[in-house]
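S.K.: Data file model_25.txt (compact mmCIF, C-alpha atoms and all ligand atoms) is appended below.
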```
# COMPACT_ATOMS: atom_id res chain seq x y z
CA MET A 262 -22.27 -25.51 -0.35
CA LYS A 263 -23.56 -21.97 -0.85
CA ILE A 264 -20.76 -19.58 0.07
CA LEU A 265 -20.70 -15.79 0.40
CA ILE A 266 -17.34 -14.38 -0.63
CA ILE A 267 -16.26 -11.02 0.73
CA ASN A 268 -13.39 -8.87 -0.51
CA ALA A 269 -13.36 -5.85 1.79
CA GLY A 270 -11.43 -2.69 0.95
CA SER A 271 -11.18 0.44 3.07
CA SER A 272 -14.19 2.17 1.49
CA SER A 273 -15.59 -0.60 -0.70
CA LEU A 274 -16.65 -4.20 -0.39
CA LYS A 275 -17.10 -6.72 -3.19
CA TYR A 276 -19.25 -9.77 -2.66
CA GLN A 277 -20.20 -12.88 -4.56
CA PHE A 278 -22.64 -15.57 -3.54
CA MET A 279 -21.90 -18.86 -5.22
CA GLU A 280 -21.97 -22.63 -5.14
CA SER A 281 -18.61 -24.10 -4.16
CA GLU A 282 -19.17 -27.20 -6.30
CA GLY A 283 -19.34 -26.22 -9.96
CA GLY A 284 -19.05 -22.50 -9.26
CA GLU A 285 -22.56 -21.31 -10.15
CA VAL A 286 -22.83 -17.61 -9.23
CA PHE A 287 -26.23 -16.66 -7.76
CA ALA A 288 -25.50 -12.98 -7.09
CA LYS A 289 -22.64 -10.58 -6.84
CA GLY A 290 -22.12 -6.93 -6.23
CA LEU A 291 -20.29 -4.03 -4.75
CA CYS A 292 -20.73 -1.66 -1.82
CA GLU A 293 -18.99 1.64 -2.46
CA ARG A 294 -18.37 4.86 -0.57
CA ILE A 295 -18.43 3.14 2.83
CA GLY A 296 -17.80 5.80 5.49
CA ILE A 297 -18.86 8.53 3.05
CA ASP A 298 -22.48 7.90 2.07
CA GLY A 299 -22.96 4.42 0.63
CA ARG A 300 -24.00 2.83 -2.65
CA LEU A 301 -24.91 -0.76 -3.43
CA THR A 302 -24.77 -2.37 -6.86
CA HIS A 303 -26.35 -5.82 -6.89
CA LYS A 304 -26.21 -8.16 -9.88
CA VAL A 305 -28.15 -11.35 -10.42
CA PRO A 306 -27.54 -13.27 -13.67
CA GLY A 307 -30.44 -12.77 -16.10
CA ARG A 308 -31.88 -9.80 -14.19
CA GLU A 309 -31.37 -6.06 -14.42
CA ASP A 310 -28.70 -4.64 -12.09
CA VAL A 311 -29.98 -2.97 -8.93
CA LYS A 312 -28.37 0.27 -7.72
CA LEU A 313 -29.34 1.63 -4.32
CA ASP A 314 -28.11 4.49 -2.14
CA ILE A 315 -27.94 3.10 1.38
CA PRO A 316 -26.17 4.84 4.27
CA MET A 317 -23.01 2.87 5.11
CA PRO A 318 -21.14 4.66 7.89
CA THR A 319 -19.12 1.46 8.52
CA HIS A 320 -18.60 -2.00 7.04
CA ASN A 321 -21.35 -3.29 9.39
CA GLU A 322 -24.04 -1.42 7.45
CA ALA A 323 -22.49 -2.54 4.18
CA ILE A 324 -22.68 -6.23 5.17
CA GLN A 325 -26.21 -5.69 6.48
CA ALA A 326 -27.18 -4.10 3.13
CA VAL A 327 -25.75 -7.12 1.27
CA LEU A 328 -27.71 -9.56 3.43
CA ASP A 329 -30.90 -7.48 3.14
CA ILE A 330 -30.79 -7.44 -0.65
CA MET A 331 -29.95 -11.15 -0.79
CA VAL A 332 -33.14 -12.03 1.11
CA ASP A 333 -35.30 -9.35 -0.54
CA PRO A 334 -38.41 -11.10 -1.94
CA GLU A 335 -38.05 -9.30 -5.30
CA LYS A 336 -34.37 -8.59 -5.77
CA GLY A 337 -32.91 -11.35 -3.62
CA VAL A 338 -31.84 -14.91 -4.30
CA ILE A 339 -32.46 -16.63 -0.95
CA SER A 340 -35.33 -16.68 1.50
CA SER A 341 -33.21 -16.67 4.65
CA VAL A 342 -29.67 -15.73 5.64
CA ASP A 343 -29.39 -19.28 7.03
CA GLU A 344 -28.99 -20.45 3.42
CA ILE A 345 -25.50 -18.94 3.48
CA ALA A 346 -23.49 -21.94 4.66
CA ALA A 347 -20.26 -20.01 5.24
CA VAL A 348 -18.39 -16.82 4.42
CA GLY A 349 -14.99 -16.78 2.69
CA HIS A 350 -12.89 -13.64 3.09
CA ARG A 351 -10.09 -12.57 0.81
CA VAL A 352 -7.21 -11.37 2.97
CA LEU A 353 -4.16 -9.75 1.39
CA HIS A 354 -1.27 -10.50 3.70
CA GLY A 355 -0.85 -13.65 5.74
CA GLY A 356 2.82 -13.01 6.49
CA MET A 357 4.71 -16.13 7.53
CA ALA A 358 1.84 -17.24 9.77
CA PHE A 359 -0.40 -18.60 7.02
CA THR A 360 0.61 -21.23 4.50
CA ALA A 361 -3.03 -22.08 3.74
CA SER A 362 -6.57 -20.83 4.27
CA CYS A 363 -7.99 -21.09 7.79
CA ILE A 364 -11.19 -21.00 9.78
CA ILE A 365 -11.48 -17.59 11.41
CA ASP A 366 -11.20 -17.75 15.18
CA ASP A 367 -9.60 -15.45 17.76
CA ALA A 368 -6.10 -16.79 17.06
CA CYS A 369 -6.56 -16.26 13.30
CA ILE A 370 -7.74 -12.68 13.84
CA GLU A 371 -4.77 -11.96 16.09
CA ALA A 372 -2.41 -13.36 13.45
CA ILE A 373 -4.02 -11.23 10.71
CA LYS A 374 -3.64 -8.18 12.97
CA LYS A 375 0.05 -8.99 13.40
CA CYS A 376 0.40 -8.83 9.61
CA ILE A 377 -0.98 -5.25 9.45
CA PRO A 378 2.51 -3.69 9.24
CA LEU A 379 3.16 -5.89 6.17
CA GLY A 380 -0.18 -5.05 4.51
CA PRO A 381 -1.02 -1.64 6.02
CA LEU A 382 -3.57 -0.66 3.36
CA HIS A 383 -5.43 -3.93 2.94
CA ASN A 384 -5.30 -6.00 6.13
CA PRO A 385 -7.17 -3.45 8.31
CA ALA A 386 -9.92 -3.25 5.67
CA ASN A 387 -10.06 -7.06 5.35
CA LEU A 388 -10.43 -7.24 9.15
CA MET A 389 -13.30 -4.74 9.07
CA GLY A 390 -15.12 -7.06 6.66
CA ILE A 391 -14.46 -10.07 8.90
CA GLU A 392 -15.54 -8.29 12.07
CA ALA A 393 -18.73 -6.99 10.42
CA CYS A 394 -19.68 -10.52 9.33
CA GLN A 395 -18.91 -11.93 12.78
CA LYS A 396 -21.17 -9.32 14.32
CA ILE A 397 -24.05 -9.65 11.89
CA MET A 398 -23.93 -13.41 11.24
CA PRO A 399 -22.34 -14.78 14.45
CA ASN A 400 -23.37 -18.38 13.80
CA THR A 401 -22.05 -18.62 10.25
CA PRO A 402 -18.54 -20.07 9.90
CA GLN A 403 -15.97 -17.74 8.35
CA VAL A 404 -12.79 -18.60 6.49
CA ALA A 405 -9.78 -16.43 5.57
CA VAL A 406 -8.06 -17.05 2.23
CA PHE A 407 -4.71 -15.29 1.84
CA ASP A 408 -3.16 -13.81 -1.29
CA THR A 409 0.27 -14.75 0.02
CA ALA A 410 -0.36 -18.33 1.22
CA PHE A 411 0.26 -20.21 -2.05
CA HIS A 412 3.73 -18.68 -2.32
CA MET A 413 4.92 -19.91 1.06
CA THR A 414 6.55 -22.97 -0.52
CA MET A 415 9.34 -20.80 -1.99
CA PRO A 416 12.82 -21.88 -0.96
CA PRO A 417 14.93 -19.44 1.11
CA LYS A 418 17.15 -18.53 -1.85
CA ALA A 419 14.06 -17.21 -3.65
CA TYR A 420 12.47 -15.36 -0.75
CA ILE A 421 15.48 -13.88 1.02
CA TYR A 422 16.52 -10.30 0.22
CA ALA A 423 20.23 -9.54 0.15
CA ILE A 424 20.08 -7.11 3.05
CA PRO A 425 21.28 -7.79 6.63
CA TYR A 426 19.77 -11.11 7.71
CA GLU A 427 18.53 -9.62 10.99
CA TYR A 428 15.72 -7.82 9.08
CA TYR A 429 14.40 -11.20 8.04
CA GLU A 430 14.82 -12.70 11.50
CA LYS A 431 13.52 -9.77 13.52
CA ASP A 432 11.20 -7.96 11.12
CA ASP A 433 9.91 -10.65 8.73
CA VAL A 434 11.37 -8.85 5.69
CA ARG A 435 11.29 -11.36 2.83
CA ARG A 436 9.56 -12.01 -0.49
CA TYR A 437 5.93 -13.06 0.07
CA GLY A 438 4.25 -12.69 -3.33
CA PHE A 439 0.60 -11.98 -4.14
CA HIS A 440 -2.21 -13.11 -6.48
CA GLY A 441 -1.61 -16.48 -4.81
CA THR A 442 -5.24 -17.55 -5.08
CA SER A 443 -5.21 -16.82 -8.81
CA HIS A 444 -1.86 -18.53 -9.44
CA ARG A 445 -3.11 -21.53 -7.47
CA TYR A 446 -6.35 -21.81 -9.42
CA VAL A 447 -4.86 -21.45 -12.90
CA SER A 448 -1.80 -23.63 -12.22
CA ALA A 449 -4.03 -26.44 -10.92
CA ARG A 450 -6.10 -26.15 -14.11
CA ALA A 451 -2.92 -26.15 -16.23
CA ILE A 452 -1.58 -29.28 -14.53
CA ASP A 453 -4.94 -30.87 -15.22
CA MET A 454 -4.72 -29.81 -18.88
CA LEU A 455 -1.22 -31.31 -19.04
CA GLY A 456 -2.80 -34.64 -18.05
CA ASN A 457 -1.76 -34.57 -14.39
CA PRO A 458 1.85 -35.69 -14.90
CA GLU A 459 3.90 -36.72 -11.86
CA HIS A 460 6.22 -33.75 -12.43
CA SER A 461 5.44 -30.37 -13.95
CA LYS A 462 7.06 -26.97 -14.45
CA VAL A 463 4.62 -24.16 -14.99
CA ILE A 464 4.95 -20.39 -15.38
CA SER A 465 1.78 -18.56 -14.43
CA CYS A 466 1.43 -15.03 -15.87
CA HIS A 467 -1.28 -13.09 -14.02
CA LEU A 468 -1.45 -9.95 -16.15
CA GLY A 469 -4.12 -7.48 -15.03
CA ASN A 470 -4.22 -4.09 -13.43
CA GLY A 471 -1.75 -5.56 -10.97
CA SER A 472 0.50 -8.22 -12.47
CA SER A 473 2.77 -10.97 -11.25
CA LEU A 474 4.43 -14.13 -12.48
CA ALA A 475 4.96 -17.34 -10.53
CA ALA A 476 7.24 -20.30 -11.20
CA ILE A 477 5.54 -23.48 -10.06
CA VAL A 478 7.21 -26.90 -9.83
CA ASP A 479 4.99 -29.92 -9.16
CA GLY A 480 2.19 -27.59 -8.07
CA LYS A 481 4.36 -25.67 -5.60
CA VAL A 482 5.60 -22.10 -6.03
CA VAL A 483 9.39 -21.82 -6.22
CA ASP A 484 9.54 -18.13 -7.12
CA THR A 485 7.29 -15.16 -7.80
CA SER A 486 7.79 -11.61 -8.99
CA MET A 487 6.06 -9.61 -6.25
CA GLY A 488 7.85 -9.16 -2.95
CA LEU A 489 7.22 -7.97 0.58
CA GLY A 490 4.44 -5.91 -0.99
CA PRO A 491 2.61 -5.86 -4.34
CA LEU A 492 4.74 -3.02 -5.77
CA ALA A 493 7.56 -5.35 -6.78
CA GLY A 494 8.21 -7.21 -10.01
CA PHE A 495 7.67 -5.81 -13.51
CA PRO A 496 5.75 -2.64 -14.52
CA MET A 497 1.98 -2.80 -14.05
CA GLY A 498 -0.93 -0.44 -14.79
CA THR A 499 0.21 2.23 -12.34
CA ARG A 500 2.90 0.44 -10.27
CA SER A 501 6.55 0.70 -11.16
CA GLY A 502 7.64 -2.86 -10.40
CA ASP A 503 11.25 -3.18 -9.24
CA VAL A 504 13.28 0.01 -9.35
CA ASP A 505 16.79 0.84 -8.25
CA ALA A 506 16.42 2.18 -4.67
CA THR A 507 18.90 4.93 -5.59
CA ILE A 508 16.09 6.54 -7.62
CA LEU A 509 14.13 7.12 -4.42
CA GLU A 510 16.96 8.96 -2.70
CA TYR A 511 17.72 10.95 -5.85
CA LEU A 512 14.14 12.12 -6.52
CA MET A 513 13.28 12.65 -2.85
CA GLY A 514 16.33 14.90 -2.58
CA ARG A 515 15.64 16.79 -5.81
CA TYR A 516 11.93 17.42 -5.21
CA ASN A 517 11.81 17.28 -1.42
CA TYR A 518 9.32 14.38 -1.53
CA SER A 519 8.43 12.57 1.66
CA ILE A 520 8.64 8.75 1.54
CA LYS A 521 4.82 8.73 1.41
CA GLU A 522 4.79 10.98 -1.66
CA MET A 523 7.53 8.92 -3.29
CA LEU A 524 5.65 5.67 -2.71
CA ASN A 525 2.47 7.24 -4.00
CA ILE A 526 4.31 8.03 -7.25
CA LEU A 527 5.64 4.48 -7.49
CA ASN A 528 2.25 2.92 -6.70
CA LYS A 529 -0.19 5.20 -8.48
CA LYS A 530 1.63 7.22 -11.14
CA SER A 531 4.14 4.78 -12.54
CA GLY A 532 3.97 1.57 -14.57
CA VAL A 533 2.61 1.85 -18.10
CA LEU A 534 0.65 4.95 -17.06
CA GLY A 535 3.87 6.63 -15.97
CA ILE A 536 5.78 5.77 -19.14
CA SER A 537 2.96 6.55 -21.57
CA GLY A 538 1.26 9.45 -19.83
CA VAL A 539 -1.85 8.07 -21.56
CA SER A 540 -3.54 5.45 -19.38
CA SER A 541 -3.06 2.45 -17.13
CA ASP A 542 -5.52 0.50 -19.28
CA PHE A 543 -3.92 -1.60 -22.01
CA ARG A 544 -6.86 -1.06 -24.34
CA ASP A 545 -6.16 2.70 -24.27
CA LEU A 546 -2.46 2.05 -24.82
CA ASP A 547 -3.18 -0.20 -27.81
CA ALA A 548 -5.41 2.49 -29.32
CA ALA A 549 -2.88 5.29 -28.68
CA ALA A 550 0.03 3.22 -30.03
CA ALA A 551 -2.00 2.40 -33.16
CA GLU A 552 -2.40 6.14 -33.72
CA GLY A 553 1.36 6.59 -33.52
CA ASN A 554 1.82 7.59 -29.88
CA GLN A 555 5.48 6.66 -29.27
CA ARG A 556 5.32 6.67 -25.50
CA ALA A 557 2.27 4.39 -25.47
CA GLN A 558 4.27 2.04 -27.71
CA LEU A 559 7.28 2.31 -25.39
CA ALA A 560 5.10 1.43 -22.38
CA LEU A 561 3.81 -1.66 -24.21
CA ASP A 562 7.32 -2.62 -25.34
CA LYS A 563 8.65 -2.26 -21.79
CA PHE A 564 5.86 -4.43 -20.36
CA ILE A 565 6.36 -7.15 -22.98
CA TYR A 566 10.16 -7.04 -22.56
CA GLU A 567 10.00 -7.40 -18.77
CA VAL A 568 7.44 -10.24 -18.82
CA LYS A 569 9.58 -12.04 -21.42
CA LYS A 570 12.64 -11.61 -19.19
CA TYR A 571 10.81 -13.10 -16.21
CA ILE A 572 9.69 -16.08 -18.32
CA GLY A 573 13.31 -16.67 -19.31
CA ALA A 574 14.47 -16.29 -15.71
CA TYR A 575 11.87 -18.70 -14.37
CA ALA A 576 12.56 -21.29 -17.09
CA ALA A 577 16.23 -21.10 -16.03
CA ALA A 578 15.33 -21.27 -12.33
CA MET A 579 13.17 -24.38 -12.88
CA GLY A 580 15.48 -25.99 -15.45
CA GLY A 581 12.76 -25.96 -18.12
CA VAL A 582 9.09 -25.29 -18.52
CA ASP A 583 6.13 -27.46 -19.55
CA ALA A 584 3.43 -24.81 -19.69
CA ILE A 585 2.99 -21.05 -19.70
CA ILE A 586 -0.36 -19.73 -18.52
CA PHE A 587 -1.89 -16.37 -19.39
CA THR A 588 -4.61 -15.11 -17.07
CA ALA A 589 -6.36 -11.96 -15.70
CA GLY A 590 -7.64 -8.97 -17.72
CA ILE A 591 -4.69 -8.60 -20.08
CA GLY A 592 -3.63 -12.25 -20.17
CA GLU A 593 -7.14 -13.45 -20.98
CA ASN A 594 -8.02 -10.73 -23.48
CA SER A 595 -5.05 -9.27 -25.28
CA MET A 596 -4.10 -11.47 -28.23
CA ASP A 597 -1.33 -9.11 -29.34
CA LEU A 598 0.31 -8.96 -25.98
CA ARG A 599 0.33 -12.75 -25.59
CA GLN A 600 1.75 -13.10 -29.09
CA ASN A 601 4.42 -10.45 -28.49
CA ILE A 602 5.45 -12.00 -25.18
CA CYS A 603 5.86 -15.44 -26.77
CA ASP A 604 7.56 -14.15 -29.94
CA GLY A 605 11.23 -15.07 -30.02
CA LEU A 606 10.92 -17.76 -27.36
CA ASP A 607 11.05 -20.61 -29.90
CA TYR A 608 14.63 -21.33 -28.80
CA MET A 609 13.17 -22.63 -25.54
CA GLY A 610 10.41 -24.57 -27.26
CA VAL A 611 7.65 -21.97 -26.94
CA LYS A 612 5.66 -21.68 -30.18
CA MET A 613 2.28 -20.06 -30.30
CA ASP A 614 -0.38 -20.89 -32.92
CA ALA A 615 -1.50 -17.44 -34.08
CA GLU A 616 -4.91 -18.76 -35.20
CA LYS A 617 -5.62 -20.54 -31.91
CA ASN A 618 -4.49 -17.42 -30.06
CA ARG A 619 -7.46 -15.52 -31.53
CA VAL A 620 -9.47 -16.19 -28.40
CA ARG A 621 -10.68 -14.03 -25.56
CA GLY A 622 -11.66 -14.91 -22.00
CA LYS A 623 -11.97 -18.64 -22.68
CA GLU A 624 -9.90 -21.60 -21.55
CA ALA A 625 -7.74 -22.61 -24.50
CA ASP A 626 -4.52 -24.33 -25.53
CA VAL A 627 -2.98 -21.87 -27.98
CA SER A 628 0.36 -23.62 -28.53
CA ALA A 629 1.42 -24.80 -31.99
CA GLU A 630 1.35 -28.56 -32.69
CA ASP A 631 5.15 -28.72 -32.52
CA SER A 632 5.54 -26.46 -29.47
CA LYS A 633 7.44 -28.26 -26.71
CA VAL A 634 5.87 -25.93 -24.19
CA LYS A 635 2.10 -25.68 -23.86
CA ILE A 636 0.66 -22.17 -23.86
CA PHE A 637 -2.65 -22.00 -22.04
CA ILE A 638 -5.18 -19.23 -21.59
CA ILE A 639 -7.01 -19.90 -18.36
CA PRO A 640 -9.54 -17.37 -17.06
CA THR A 641 -8.81 -16.94 -13.39
CA ASN A 642 -11.48 -17.60 -10.78
CA GLU A 643 -10.25 -16.50 -7.38
CA GLU A 644 -13.80 -16.50 -6.02
CA LEU A 645 -14.29 -20.17 -6.85
CA MET A 646 -11.00 -21.01 -5.18
CA ILE A 647 -12.08 -19.09 -2.06
CA ALA A 648 -15.48 -20.83 -2.12
CA MET A 649 -13.85 -24.26 -2.48
CA ASP A 650 -11.41 -23.61 0.39
CA THR A 651 -14.22 -22.28 2.57
CA ALA A 652 -16.45 -25.27 1.90
CA GLU A 653 -13.62 -27.75 2.48
CA LEU A 654 -12.58 -26.21 5.80
CA CYS A 655 -16.18 -25.99 6.98
CA LYS A 656 -16.85 -29.65 6.14
CA LYS A 657 -13.81 -30.61 8.21
P1 LIG B 701 -7.88 -7.18 -14.08
O1 LIG B 701 -7.09 -6.43 -13.04
O2 LIG B 701 -7.52 -8.62 -14.15
O3 LIG B 701 -9.36 -6.94 -13.98
O4 LIG B 701 -7.44 -6.57 -15.50
C1 LIG B 701 -7.84 -5.29 -15.90
C2 LIG B 701 -7.01 -4.83 -17.04
O5 LIG B 701 -7.09 -5.75 -18.15
C3 LIG B 701 -7.45 -3.51 -17.64
O6 LIG B 701 -6.93 -2.41 -16.95
C4 LIG B 701 -6.89 -3.60 -19.04
O7 LIG B 701 -5.59 -3.05 -19.04
C5 LIG B 701 -6.79 -5.06 -19.34
N1 LIG B 701 -7.72 -5.50 -20.41
C6 LIG B 701 -8.99 -5.86 -20.32
N2 LIG B 701 -9.51 -6.19 -21.53
C7 LIG B 701 -8.51 -6.01 -22.44
C8 LIG B 701 -8.38 -6.17 -23.85
N3 LIG B 701 -9.40 -6.58 -24.60
N4 LIG B 701 -7.19 -5.87 -24.41
C9 LIG B 701 -6.15 -5.45 -23.66
N5 LIG B 701 -6.21 -5.30 -22.33
C10 LIG B 701 -7.36 -5.56 -21.72
```
How would this structure read if it were set down as structure tokens?
Ligand code: AMP
M.R.:
Amino acid sequence: MKILIINAGSSSLKYQFMESEGGEVFAKGLCERIGIDGRLTHKVPGREDVKLDIPMPTHNEAIQAVLDIMVDPEKGVISSVDEIAAVGHRVLHGGMAFTASCIIDDACIEAIKKCIPLGPLHNPANLMGIEACQKIMPNTPQVAVFDTAFHMTMPPKAYIYAIPYEYYEKDDVRRYGFHGTSHRYVSARAIDMLGNPEHSKVISCHLGNGSSLAAIVDGKVVDTSMGLGPLAGFPMGTRSGDVDATILEYLMGRYNYSIKEMLNILNKKSGVLGISGVSSDFRDLDAAAAEGNQRAQLALDKFIYEVKKYIGAYAAAMGGVDAIIFTAGIGENSMDLRQNICDGLDYMGVKMDAEKNRVRGKEADVSAEDSKVKIFIIPTNEELMIAMDTAELCKK
């Protein structure tokens, strides 16, 4: 089935048009500066990229611009919008309401709206994308795929926070976890690469601009590093990961920060950018560290140390591990980081083959012959997962 995938942000909208079986991508692109002026970048494999300035006061005009370019006789890839069998939307927060993807109807929209307090930045934007598609292509089925859904199998001891229980009961405060679509895709591939055993224990390391780890037993998440929101876990590009809450009170008092300013620091100015003062991009950090920048090296060391700690914690939580997966920008591309994370884990049967590890962006088994634990590099493909879910639900 030919599926249009939409990932709507507040002022941008990414799209990909692809085949759900096999994953062939026909076109993809990005609408930017929605609500400001509007710019469309449209990419078709084997052709030159198209960049157009198109007024986009709202997401409606952005979706219309995407459909117009898709059916354009010269730049397009289809002759009619009817060739789009269904639309799959990436939605950040499904709260406790969604344990799987769902066909978008009134009840689904209401439930996504109820999750706005949990995902205040993303869910309203995701809804704008959904509502624009409903308006412009009312007869095309739409599906919502949630970043949180795959993690909903966590047991209470993993998702409960040690604060008064009433905040869980009354206010839905608990660990949710994110990157679920990515963890789901790569862990399914890993289980396949393990030969589909009856039982499996997998640690999925999604290391990109945002990063999270998930512990997955028999294909089901038992723990993950992000929490109520995507700020939690270990340091990321610009996000702090877990910090002692006392720091907030201390700095807010010292500098008279509002909670909004404090959270902006933790979300946008922290992580490896905050430690290094150089960049949130690991390629810049590698270059700076190679030139002797101590703080860039410290940022890298901190990241590696924290990921290693999570791997140890999850191996303990699961009572062992059969495979460790590296995925996303850093996980797929940075040989040094993968090597450094796995270094010193031989005591738990993790042994990387340095030669095999010299690979970038390709599916590979990089574990040594005598490694008890498989180490896989698996490029993530959230879009394919969304397309597959969308097709499956529409066929039903
Ligand atoms: P993602 O969010 O998955 O797109 O990952 C983006 C991040 O991957 C970038 O910010 C970089 O930090 C990192 N990255 C991409 N390529 C490399 C590379 N060759 N070496 C190290 N880090 C990389």
S.K.: Enumerate, in order of chain and increasing residue number, the residues of chain A with an atom no farther than 6 Å from ligand LIG 701 (chain B), each with its shortest atom pair and distance in Å to one decimal, counting only C-alpha atoms and all ligand atoms, as CSV.
M.R.:
```
residue,atom,partner,partner_atom,distance
A:Gly469,CA,B:LIG701,O4,3.5
A:Asn470,CA,B:LIG701,O1,3.7
A:Gly471,CA,B:LIG701,O1,5.8
A:Asp542,CA,B:LIG701,O7,3.6
A:Phe543,CA,B:LIG701,O7,3.7
A:Arg544,CA,B:LIG701,C9,4.5
A:Ala589,CA,B:LIG701,O2,3.9
A:Gly590,CA,B:LIG701,O4,3.3
A:Ile591,CA,B:LIG701,C5,4.2
A:Asn594,CA,B:LIG701,N3,4.5
A:Ser595,CA,B:LIG701,N4,4.1
```
S.K.: A:Leu645: which residues within 10 Å, counting only C-alpha atoms, same-chain residues fewer than 6 positions away excluded, as a ChimeraX atom specification?
M.R.: /A:264,266,277,279-286,442-443,446,651
S.K.: Counting all atoms listed in the file, which residues come within 12 Å of (14.5, -21.0, -17.9), with the point read in the file's coordinates, and could you list them as a PDB file with C-alpha atoms, in the coordinates of the input?
M.R.:
```pdb
ATOM      1  CA  LYS A 462       7.060 -26.970 -14.450  1.00  0.00           C
ATOM      2  CA  VAL A 463       4.620 -24.160 -14.990  1.00  0.00           C
ATOM      3  CA  ILE A 464       4.950 -20.390 -15.380  1.00  0.00           C
ATOM      4  CA  ALA A 476       7.240 -20.300 -11.200  1.00  0.00           C
ATOM      5  CA  LYS A 569       9.580 -12.040 -21.420  1.00  0.00           C
ATOM      6  CA  LYS A 570      12.640 -11.610 -19.190  1.00  0.00           C
ATOM      7  CA  TYR A 571      10.810 -13.100 -16.210  1.00  0.00           C
ATOM      8  CA  ILE A 572       9.690 -16.080 -18.320  1.00  0.00           C
ATOM      9  CA  GLY A 573      13.310 -16.670 -19.310  1.00  0.00           C
ATOM     10  CA  ALA A 574      14.470 -16.290 -15.710  1.00  0.00           C
ATOM     11  CA  TYR A 575      11.870 -18.700 -14.370  1.00  0.00           C
ATOM     12  CA  ALA A 576      12.560 -21.290 -17.090  1.00  0.00           C
ATOM     13  CA  ALA A 577      16.230 -21.100 -16.030  1.00  0.00           C
ATOM     14  CA  ALA A 578      15.330 -21.270 -12.330  1.00  0.00           C
ATOM     15  CA  MET A 579      13.170 -24.380 -12.880  1.00  0.00           C
ATOM     16  CA  GLY A 580      15.480 -25.990 -15.450  1.00  0.00           C
ATOM     17  CA  GLY A 581      12.760 -25.960 -18.120  1.00  0.00           C
ATOM     18  CA  VAL A 582       9.090 -25.290 -18.520  1.00  0.00           C
ATOM     19  CA  ASP A 583       6.130 -27.460 -19.550  1.00  0.00           C
ATOM     20  CA  ALA A 584       3.430 -24.810 -19.690  1.00  0.00           C
ATOM     21  CA  ILE A 585       2.990 -21.050 -19.700  1.00  0.00           C
ATOM     22  CA  LEU A 606      10.920 -17.760 -27.360  1.00  0.00           C
ATOM     23  CA  TYR A 608      14.630 -21.330 -28.800  1.00  0.00           C
ATOM     24  CA  MET A 609      13.170 -22.630 -25.540  1.00  0.00           C
ATOM     25  CA  GLY A 610      10.410 -24.570 -27.260  1.00  0.00           C
ATOM     26  CA  VAL A 611       7.650 -21.970 -26.940  1.00  0.00           C
ATOM     27  CA  VAL A 634       5.870 -25.930 -24.190  1.00  0.00           C
TER      28      VAL A 634
END
```
S.K.: Using all atoms listed in the file, which residue out of A:Lys263, A:Met646, A:Glu430, A:Ile638 lies closest to A:Met613?
M.R.: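 Counting all atoms listed in the file, the residue closest to A:Met613 is A:Ile638.
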S.K.: Give as a list in words each residue that has an atom at most 9 Å from (-20.3, -3.5, -4.1) in the file, counting only C-alpha atoms.
M.R.: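 Collected hits near the coordinates: Ser273, Leu274, Lys275, Tyr276, Lys289, Gly290, Leu291, Cys292, Glu293, Arg300, Leu301, Thr302, His303, Ala323 and Val327 of chain A.
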S.K.: Excluding stretch 357-369 of chain A and any residue of its chain fewer than 6 positions from it, enumerate the residues within 6 Å of it, using all atoms listed in the file, and give them as a PyMOL selection string.
M.R.: chain A and resi 403-406+410+413
S.K.: How would the residues just chosen look if you wrote them out with C-alpha atoms as a short mmCIF file (atom, residue, chain, number, x, y, z; two decimals), in the coordinates of the input?
M.R.:
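As written to disk, part_37.cif reads:
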```cif
data_model
loop_
_atom_site.label_atom_id
_atom_site.label_comp_id
_atom_site.auth_asym_id
_atom_site.auth_seq_id
_atom_site.Cartn_x
_atom_site.Cartn_y
_atom_site.Cartn_z
CA GLN A 403 -15.97 -17.74 8.35
CA VAL A 404 -12.79 -18.60 6.49
CA ALA A 405 -9.78 -16.43 5.57
CA VAL A 406 -8.06 -17.05 2.23
CA ALA A 410 -0.36 -18.33 1.22
CA MET A 413 4.92 -19.91 1.06
#
```
S.K.: If you measure from atom CA of A:Val568 to atom CA of A:Leu468, what distance in Å do you get, rounded to one decimal?
M.R.: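 For atom CA of A:Val568 relative to atom CA of A:Leu468, the distance reads 9.3 Å.
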S.K.: Would you compute, for all listed atoms of stretch 317-336 of chain A, the axis-aligned bounding box grown by 4 Å on each side, and then report its centre and edge lengths in Å rounded to one decimal, as AutoDock Vina command-line options?
M.R.:
```
--center_x -28.5 --center_y -3.7 --center_z 1.8 --size_x 27.8 --size_y 24.7 --size_z 23.2
```
S.K.: Find, counting only C-alpha atoms, the residue in A:Ile452, A:Leu313, A:Ile536, A:Met415 that gets nearest to A:Val482.
M.R.: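 For A:Val482, the nearest of the given residues is A:Met415.
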S.K.: Rank nothing, just name the residue among A:Gly490, A:Glu643, A:Met317, A:Ile526 nearest to A:Pro378, using all atoms listed in the file.
M.R.: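 Looking only at the distances to A:Pro378, the closest residue turns out to be A:Gly490.
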S.K.: Extract, using all atoms listed in the file, all DNA, RNA and protein residues at most 10 Å from A:Leu382, discarding same-chain residues fewer than 4 positions from it, and format them as a ChimeraX atom specification.
M.R.: /A:270-271,353,377-378,386-387
S.K.: In Å, rounded to a single decimal, give me how far atom CA of A:Gly456 is from atom CA of A:Thr588.
M.R.: 19.6 Å
S.K.: Rank A:Ser465, A:Met398, A:Cys603, A:Lys304 by their smallest atom-to-atom distance to A:Ser341, using all atoms listed in the file, and report the top residue only.
M.R.: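 Smallest distance to A:Ser341 is found for A:Met398.
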S.K.: Rank nothing, just name the residue among A:Leu509, A:Ser473, A:Gly592, A:Glu616 nearest to A:Glu522, using only C-alpha atoms.
M.R.: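 The shortest atom-to-atom distance to A:Glu522 comes from A:Leu509.
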